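Next comes entry.cif, a file with mmCIF, C-alpha atoms.
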```cif
data_data
#
loop_
_atom_site.label_atom_id
_atom_site.label_comp_id
_atom_site.auth_asym_id
_atom_site.auth_seq_id
_atom_site.Cartn_x
_atom_site.Cartn_y
_atom_site.Cartn_z
CA MET A 1 -22.18 40.39 5.37
CA ALA A 2 -18.55 40.56 6.44
CA GLN A 3 -16.80 43.89 6.03
CA LYS A 4 -13.48 44.66 4.43
CA ARG A 5 -10.56 44.40 6.79
CA THR A 6 -7.41 46.37 6.49
CA THR A 7 -3.90 46.22 7.83
CA ALA A 8 -1.32 48.97 7.74
CA SER A 9 1.32 46.94 5.94
CA ASP A 10 -0.53 44.62 3.64
CA GLY A 11 -3.47 46.55 2.24
CA GLU A 12 -6.95 45.10 2.38
CA PHE A 13 -8.88 42.01 1.39
CA ASN A 14 -12.54 41.13 1.20
CA PRO A 15 -13.52 38.44 3.73
CA ASP A 16 -16.59 37.53 1.66
CA GLU A 17 -14.35 36.74 -1.30
CA LEU A 18 -12.06 34.71 0.93
CA LEU A 19 -14.97 32.74 2.38
CA ALA A 20 -16.32 32.11 -1.13
CA PHE A 21 -12.90 30.80 -2.14
CA LEU A 22 -12.68 28.51 0.87
CA ARG A 23 -16.15 27.14 0.09
CA GLN A 24 -14.98 25.83 -3.29
CA ASP A 25 -14.73 22.10 -3.91
CA GLU A 26 -11.33 22.08 -5.61
CA LEU A 27 -9.16 24.99 -4.58
CA ASP A 28 -6.22 26.76 -6.24
CA TYR A 29 -4.28 27.57 -3.08
CA PRO A 30 -1.19 29.15 -4.71
CA ALA A 31 -3.37 31.61 -6.65
CA ALA A 32 -5.40 32.44 -3.55
CA ALA A 33 -2.24 33.02 -1.52
CA LEU A 34 -1.15 35.61 -4.07
CA LYS A 35 -4.59 37.20 -4.17
CA PHE A 36 -5.34 37.46 -0.45
CA GLY A 37 -1.79 37.54 0.95
CA ALA A 38 -0.61 38.28 4.45
CA ALA A 39 -3.49 40.71 5.08
CA ALA A 40 -5.80 37.71 5.37
CA LEU A 41 -3.76 35.95 8.05
CA PRO A 42 -5.61 37.27 11.13
CA PHE A 43 -8.93 36.22 9.58
CA LEU A 44 -7.52 32.84 8.57
CA LYS A 45 -6.25 32.34 12.12
CA GLU A 46 -9.80 32.98 13.39
CA LEU A 47 -11.18 30.43 10.91
CA ILE A 48 -8.63 27.81 11.99
CA ALA A 49 -9.84 28.22 15.56
CA SER A 50 -13.51 28.07 14.52
CA GLY A 51 -15.77 25.06 14.86
CA ASP A 52 -16.29 24.71 11.10
CA GLU A 53 -14.06 21.78 10.18
CA ASN A 54 -14.24 22.43 6.45
CA LEU A 55 -13.34 26.11 6.64
CA ALA A 56 -10.75 25.59 9.36
CA MET A 57 -8.92 22.89 7.42
CA LYS A 58 -8.86 24.91 4.19
CA ALA A 59 -7.77 28.05 6.06
CA ALA A 60 -4.82 26.12 7.47
CA TYR A 61 -3.78 24.96 3.99
CA LEU A 62 -4.03 28.49 2.62
CA VAL A 63 -1.80 29.81 5.42
CA GLY A 64 0.79 27.28 4.31
CA TYR A 65 0.99 28.97 0.91
CA ILE A 66 1.37 32.52 2.32
CA GLU A 67 4.91 33.66 3.00
CA GLY A 68 6.16 35.36 6.14
CA ASP A 69 6.80 35.06 9.85
CA ALA A 70 3.15 35.57 10.80
CA ALA A 71 2.14 32.58 8.68
CA ASP A 72 4.98 30.54 10.20
CA GLN A 73 3.65 31.31 13.67
CA ILE A 74 0.07 30.33 12.77
CA LEU A 75 1.25 27.01 11.33
CA GLU A 76 3.36 26.29 14.39
CA GLU A 77 0.35 26.88 16.63
CA ALA A 78 -1.84 24.80 14.34
CA ALA A 79 0.65 21.94 14.52
CA ALA A 80 0.42 22.02 18.30
CA THR A 81 -3.25 22.59 18.98
CA GLY A 82 -5.44 21.95 15.92
CA SER A 83 -7.67 19.01 15.08
CA VAL A 84 -6.10 16.19 13.06
CA PRO A 85 -6.98 17.68 9.62
CA ILE A 86 -5.49 21.01 10.73
CA ARG A 87 -2.37 19.37 12.15
CA VAL A 88 -1.94 17.50 8.86
CA ALA A 89 -2.27 20.82 7.02
CA ALA A 90 0.46 22.29 9.23
CA ALA A 91 2.76 19.32 8.64
CA PHE A 92 2.16 19.55 4.89
CA GLY A 93 2.59 23.33 4.90
CA ALA A 94 5.98 23.01 6.60
CA GLN A 95 7.60 21.99 3.32
CA LYS A 96 6.75 25.41 1.88
CA ARG A 97 8.46 27.35 4.73
CA ASN A 98 12.09 28.31 5.20
CA SER A 99 14.29 25.80 7.05
CA ALA A 100 14.00 27.37 10.50
CA ALA A 101 10.22 27.66 10.36
CA ALA A 102 9.82 24.21 8.85
CA GLU A 103 11.99 22.67 11.55
CA ALA A 104 9.97 24.37 14.31
CA ILE A 105 6.71 23.03 12.85
CA LEU A 106 8.03 19.55 12.15
CA LYS A 107 9.51 19.16 15.63
CA ARG A 108 5.94 19.27 16.87
CA SER A 109 4.42 17.26 14.03
CA LEU A 110 6.93 14.43 14.40
CA GLU A 111 5.86 14.06 18.04
CA ASP A 112 2.19 13.78 17.08
CA SER A 113 0.21 10.67 17.99
CA SER A 114 -1.75 10.68 14.72
CA PRO A 115 -0.28 8.49 11.95
CA SER A 116 -1.68 10.91 9.36
CA VAL A 117 0.16 13.87 10.87
CA VAL A 118 3.42 11.97 11.22
CA LYS A 119 3.15 10.62 7.67
CA PHE A 120 3.00 14.11 6.19
CA ALA A 121 5.60 15.42 8.63
CA LEU A 122 8.00 12.76 7.34
CA GLN A 123 7.21 13.74 3.76
CA SER A 124 7.85 17.40 4.55
CA ALA A 125 11.09 16.61 6.39
CA LYS A 126 12.26 14.74 3.31
CA ALA A 127 11.10 17.43 0.87
CA SER A 128 12.70 20.18 2.95
CA LYS A 129 15.93 18.21 3.32
CA LEU A 130 15.58 18.45 7.10
CA GLY A 131 16.14 14.76 7.71
CA SER A 132 19.53 15.35 9.34
CA ALA A 133 18.25 18.08 11.66
CA LEU A 134 15.32 15.93 12.73
CA LYS A 135 17.18 12.62 12.68
CA THR A 136 16.72 11.85 16.38
CA LYS A 137 12.95 12.23 16.18
CA ILE A 138 12.70 10.28 12.93
CA ASP A 139 14.85 7.51 14.36
CA HIS A 140 12.56 7.34 17.41
CA ILE A 141 9.53 7.01 15.12
CA SER A 142 11.19 4.28 13.08
CA LYS A 143 11.66 2.22 16.24
CA ASN A 144 8.68 3.05 18.42
CA PHE A 145 5.65 4.29 16.47
CA LEU A 146 2.61 2.04 16.75
CA ASP A 147 1.74 2.07 13.05
CA ASP A 148 4.03 -0.19 11.02
CA ASN A 149 3.56 1.82 7.83
CA ILE A 150 4.78 4.95 9.58
CA LYS A 151 7.74 3.09 11.10
CA SER A 152 8.65 1.93 7.63
CA ALA A 153 8.29 5.43 6.16
CA ALA A 154 10.57 6.81 8.89
CA SER A 155 13.13 4.09 8.19
CA ASP A 156 13.05 5.01 4.51
CA VAL A 157 13.79 8.66 5.33
CA LEU A 158 16.72 7.58 7.51
CA LYS A 159 18.11 5.32 4.78
CA LYS A 160 18.14 8.22 2.34
CA LEU A 161 20.26 10.20 4.82
CA LYS A 162 23.04 7.62 4.73
CA MET B 1 -5.98 11.10 4.77
CA SER B 2 -5.15 11.07 1.10
CA GLU B 3 -2.87 13.29 -0.98
CA VAL B 4 -4.63 14.38 -4.13
CA VAL B 5 -3.69 15.78 -7.50
CA PHE B 6 -5.75 16.98 -10.44
CA MET B 7 -7.84 15.17 -13.04
CA GLY B 8 -5.92 12.65 -15.09
CA GLN B 9 -3.19 12.19 -12.51
CA THR B 10 -3.12 10.08 -9.39
CA THR B 11 -0.57 9.60 -6.63
CA ALA B 12 0.67 6.25 -5.39
CA GLU B 13 -1.52 6.79 -2.34
CA GLN B 14 -4.61 7.34 -4.49
CA ASN B 15 -3.78 4.23 -6.49
CA THR B 16 -3.71 2.25 -3.25
CA LEU B 17 -7.00 3.76 -2.09
CA PHE B 18 -8.75 3.08 -5.39
CA GLY B 19 -7.50 -0.49 -5.29
CA ASN B 20 -10.14 -1.11 -2.65
CA ARG B 21 -13.13 -2.05 -4.80
CA ASN B 22 -14.12 -5.49 -3.62
CA PHE B 23 -17.17 -6.92 -5.40
CA MET B 24 -17.42 -3.89 -7.74
CA GLY B 25 -17.79 -4.27 -11.49
CA GLY B 26 -15.44 -2.52 -13.88
CA ASN B 27 -17.96 0.23 -14.65
CA ASP B 28 -19.10 0.73 -11.06
CA LEU B 29 -18.19 4.09 -9.58
CA VAL B 30 -16.80 3.75 -6.08
CA VAL B 31 -16.94 6.66 -3.64
CA TYR B 32 -14.34 6.89 -0.89
CA TYR B 33 -15.37 9.03 2.06
CA VAL B 34 -12.29 10.37 3.82
CA ARG B 35 -11.56 12.64 6.78
CA SER B 36 -9.69 15.12 4.58
CA THR B 37 -7.52 15.42 1.50
CA VAL B 38 -4.04 16.93 1.18
CA PRO B 39 -4.28 19.74 0.26
CA GLY B 40 -7.79 20.42 1.50
CA TYR B 41 -10.56 19.94 -1.05
CA ASN B 42 -14.21 18.93 -0.71
CA GLY B 43 -13.65 16.11 -3.13
CA CYS B 44 -11.56 14.87 -6.02
CA ALA B 45 -12.56 13.00 -9.17
CA ALA B 46 -9.07 11.90 -10.23
CA HIS B 47 -8.92 8.13 -10.40
CA PRO B 48 -6.64 5.45 -11.86
CA ALA B 49 -7.53 4.06 -15.28
CA GLY B 50 -10.01 1.22 -15.00
CA ARG B 51 -10.94 2.09 -11.41
CA PRO B 52 -13.65 4.76 -11.75
CA GLY B 53 -14.59 6.63 -8.63
CA CYS B 54 -14.00 9.71 -6.55
CA VAL B 55 -13.10 10.93 -3.10
CA VAL B 56 -15.44 13.00 -0.91
CA VAL B 57 -14.37 14.48 2.42
CA ARG B 58 -16.60 14.16 5.46
CA SER B 59 -17.10 17.91 5.78
CA ALA B 60 -18.01 18.46 2.11
CA SER B 61 -21.23 20.10 0.93
CA ARG B 62 -24.32 18.02 0.25
CA TRP B 63 -23.74 18.52 -3.49
CA THR B 64 -20.06 17.52 -3.63
CA LEU B 65 -20.76 13.83 -4.26
CA ALA B 66 -22.98 14.58 -7.29
CA HIS B 67 -20.46 17.19 -8.49
CA GLU B 68 -17.60 14.69 -8.41
CA PHE B 69 -19.78 12.07 -10.12
CA GLY B 70 -20.32 14.66 -12.84
CA HIS B 71 -16.58 14.97 -13.32
CA VAL B 72 -16.13 11.20 -13.50
CA LEU B 73 -18.87 11.02 -16.13
CA GLY B 74 -17.19 13.65 -18.26
CA LEU B 75 -18.43 17.06 -17.10
CA ASN B 76 -16.25 20.14 -16.64
CA HIS B 77 -16.64 23.17 -14.39
CA VAL B 78 -18.90 26.08 -15.26
CA SER B 79 -18.97 29.58 -13.74
CA ASN B 80 -22.58 29.53 -12.58
CA ASN B 81 -23.68 28.90 -9.01
CA ASP B 82 -27.12 27.77 -10.18
CA ARG B 83 -25.54 24.65 -11.68
CA LEU B 84 -24.19 21.44 -10.16
CA MET B 85 -20.90 21.74 -11.99
CA THR B 86 -20.10 25.20 -10.68
CA GLY B 87 -16.37 25.68 -10.26
CA LEU B 88 -17.10 28.32 -7.65
CA GLY B 89 -17.97 25.80 -4.96
CA THR B 90 -21.02 23.66 -4.34
CA PHE B 91 -21.32 25.24 -0.87
CA ASN B 92 -22.07 28.44 -2.80
CA ILE B 93 -24.93 26.98 -4.88
CA THR B 94 -27.70 29.56 -4.89
CA ASN B 95 -30.84 27.71 -6.04
CA PRO B 96 -30.83 24.21 -4.61
CA PRO B 97 -31.27 21.70 -6.10
CA PRO B 98 -28.67 22.81 -8.67
CA ASP B 99 -29.25 22.44 -12.40
CA LEU B 100 -27.82 20.11 -15.01
CA THR B 101 -28.19 21.28 -18.61
CA ALA B 102 -29.52 18.99 -21.33
CA ALA B 103 -26.04 18.88 -22.86
CA GLU B 104 -24.53 17.85 -19.53
CA SER B 105 -27.15 15.15 -19.12
CA THR B 106 -26.33 13.85 -22.60
CA THR B 107 -22.61 13.81 -21.83
CA MET B 108 -23.23 11.77 -18.69
CA ARG B 109 -25.53 9.33 -20.52
CA ASN B 110 -22.94 8.91 -23.26
CA SER B 111 -20.17 8.10 -20.78
CA ASN B 112 -18.68 4.63 -21.15
CA LEU B 113 -19.53 4.20 -17.47
CA SER B 114 -23.27 4.74 -17.98
CA THR B 115 -25.54 1.77 -18.55
CA PRO B 116 -28.95 2.18 -20.27
CA LEU B 117 -31.77 0.89 -18.09
#
```

Here is a file; write its structure as structure tokens.
Amino acid sequence: MAQKRTTASDGEFNPDELLAFLRQDELDYPAAALKFGAAALPFLKELIASGDENLAMKAAYLVGYIEGDAADQILEEAAATGSVPIRVAAAFGAQKRNSAAAEAILKRSLEDSSPSVVKFALQSAKASKLGSALKTKIDHISKNFLDDNIKSAASDVLKKLK
Amino acid sequence: MSEVVFMGQTTAEQNTLFGNRNFMGGNDLVVYYVRSTVPGYNGCAAHPAGRPGCVVVRSASRWTLAHEFGHVLGLNHVSNNDRLMTGLGTFNITNPPPDLTAAESTTMRNSNLSTPL
């Protein structure tokens, strides 16, 4: 049985409740982000690094819905080092961050070799209106990525910038 | 990798995925096993009209497929981890195999997708 963890600034949360949430089939991430908050971030970071693909992936999505610099940092690391489902979660989560954090995450995600990661990075760049800031990378994808669907998606983002 | 929404709604990407039903009849439920969904679920029962089916992720619980089938056949969540349709997560089922009530069984049998044998 996991024990309650506390932080000085964010109060406490119950890891058992968090694990039970992450074990659900269809998850309400926004509600969970409000419930568990930034106090859960160190535990979520541990889960992302764990070998349990299901928990790690869901932990990464939940981090995307929690505000703050610590969450930004976890997503940036996830974008660089996670498995494909985790890197997709980071790319998706970028659209919920402020511009600077989103740009830092998407700079990594747009250089990813996985079509799935790049697809959601392009969507987040568009949703965050970061197309101009990331134009060079998106242009490179539109011309050089191996997957034609991704090249086309990148071209569409560029067209919307004009 | 498929972006998902809730019951009754589907994204363009889901519509494309559910378009893959070669050799299936109109009432056949098709299950699409995927690496993950966006955002991360174990499964999703939302499907386009006339293309019944569901999505199950590769890391889902052993009960997720039956749970999503239950949704497609008309069942809703319950707050009871002894039952298949628990909304608290099929990973958290406490008395495997999980239960279906008589009413739930009737609902599934009465679904337009069910065929009497």

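Note that the spacing between atom CA of Asp16 of chain A and atom CA of Gly37 of chain A amounts to 14.8 Å.
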
| d(atom CA of Arg97 of chain A, atom CA of Lys143 of chain A) in Å | 27.8 Å

| said: Show me, as a VMD selection string, the residues that have an atom within 9 Å of segment 34-48 of chain B when counting all atoms listed in the file, minus same-chain residues fewer than 4 positions from it. | reply: (chain A and resid 23 to 27 29 54 57 to 62 85 88 to 89 92) or (chain B and resid 1 to 10 14 to 15 18 to 19 52 to 61 64 to 65 67 to 72 89)

| task | Spell out the residues picked by the PyMOL selection byres ((chain A and resi 157) around 12) here, as a PyMOL selection string. | result | chain A and resi 119+121-132+134-139+141-142+150-156+158-162

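Computed from the coordinates, the atom CA of Gln95 of chain A to atom CA of Lys107 of chain A distance equals 12.8 Å.
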
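The smallest atom-to-atom distance between chain A and any of B:Met85, B:Ala12, B:Leu17, B:Ala103, using all atoms listed in the file, is found for B:Met85.
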
Report the centre and edge lengths, in Å to one decimal, of an axis-aligned box enclosing every atom of segment 64-83 of chain B listed in the file, padded by 6 Å on each side, as AutoDock Vina command-line options.
```
--center_x -21.6 --center_y 20.3 --center_z -10.9 --size_x 23.0 --size_y 30.6 --size_z 26.6
```

| field | Exercise: Trp63 of chain B partners within 9 Å, only C-alpha atoms, chain neighbours under 5 positions left out, as a PyMOL selection string | value | chain B and resi 68+84+90-91+93+97-98

| request: Pick out the closest residue to chain B from this set: A:Gly82, A:Pro42, A:Gly93, A:Pro15. Count all atoms listed in the file. | output: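 Of A:Gly82, A:Pro42, A:Gly93, A:Pro15, the one nearest chain B is A:Gly93, counting all atoms listed in the file.
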
| request: Taking the file as shown, find all residues satisfying the PyMOL selection byres ((chain A and resi 40) around 9) and write them as a PyMOL selection string. | output: chain A and resi 5-6+10+12-15+18+36-39+41-45+63

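When all atoms listed in the file are used to measure the gap to chain B, the shortest distance among A:Glu77, A:Glu53, A:Glu17, A:Glu46 belongs to A:Glu53.
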
| message | Excluding Asn92 of chain B and its own-chain neighbours fewer than 4 positions away, which residues fall within 10 Å of it when counting all atoms listed in the file? Please give them as a ChimeraX atom specification. | response | /A:19-21,23-25 /B:61,80-82,86-88,96

Atoms kept (C-alpha atoms) for selection, written as a CSV table (one decimal), in the coordinates of the input:
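As written to disk, selection.csv reads:
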```csv
chain,number,residue,atom,x,y,z
A,19,LEU,CA,-15.0,32.7,2.4
A,20,ALA,CA,-16.3,32.1,-1.1
A,21,PHE,CA,-12.9,30.8,-2.1
A,23,ARG,CA,-16.2,27.1,0.1
A,24,GLN,CA,-15.0,25.8,-3.3
A,25,ASP,CA,-14.7,22.1,-3.9
B,61,SER,CA,-21.2,20.1,0.9
B,80,ASN,CA,-22.6,29.5,-12.6
B,81,ASN,CA,-23.7,28.9,-9.0
B,82,ASP,CA,-27.1,27.8,-10.2
B,86,THR,CA,-20.1,25.2,-10.7
B,87,GLY,CA,-16.4,25.7,-10.3
B,88,LEU,CA,-17.1,28.3,-7.6
B,96,PRO,CA,-30.8,24.2,-4.6
```

| Selection result of the PyMOL selection byres ((chain B and resi 111) around 12) on this file, as a PyMOL selection string | chain B and resi 27+52+69-75+104-110+112-116

| said: Here is a test: counting only C-alpha atoms, which residue of A:Ala90, A:Val118, A:Leu110, A:Leu34 is nearest to Asp72 of chain A? | reply: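 Using only C-alpha atoms, the shortest distance to Asp72 of chain A belongs to A:Ala90.
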
| task | Go through B:Arg21, B:Ser79, B:Asp99, B:Leu117 and flag the residue nearest chain A, using all atoms listed in the file for the distances. | result | B:Ser79

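Minimum atom-to-atom distances from B:Phe23, B:Glu13, B:Leu100, B:Leu29 to chain A were compared using only C-alpha atoms, and the lowest value belongs to B:Glu13.
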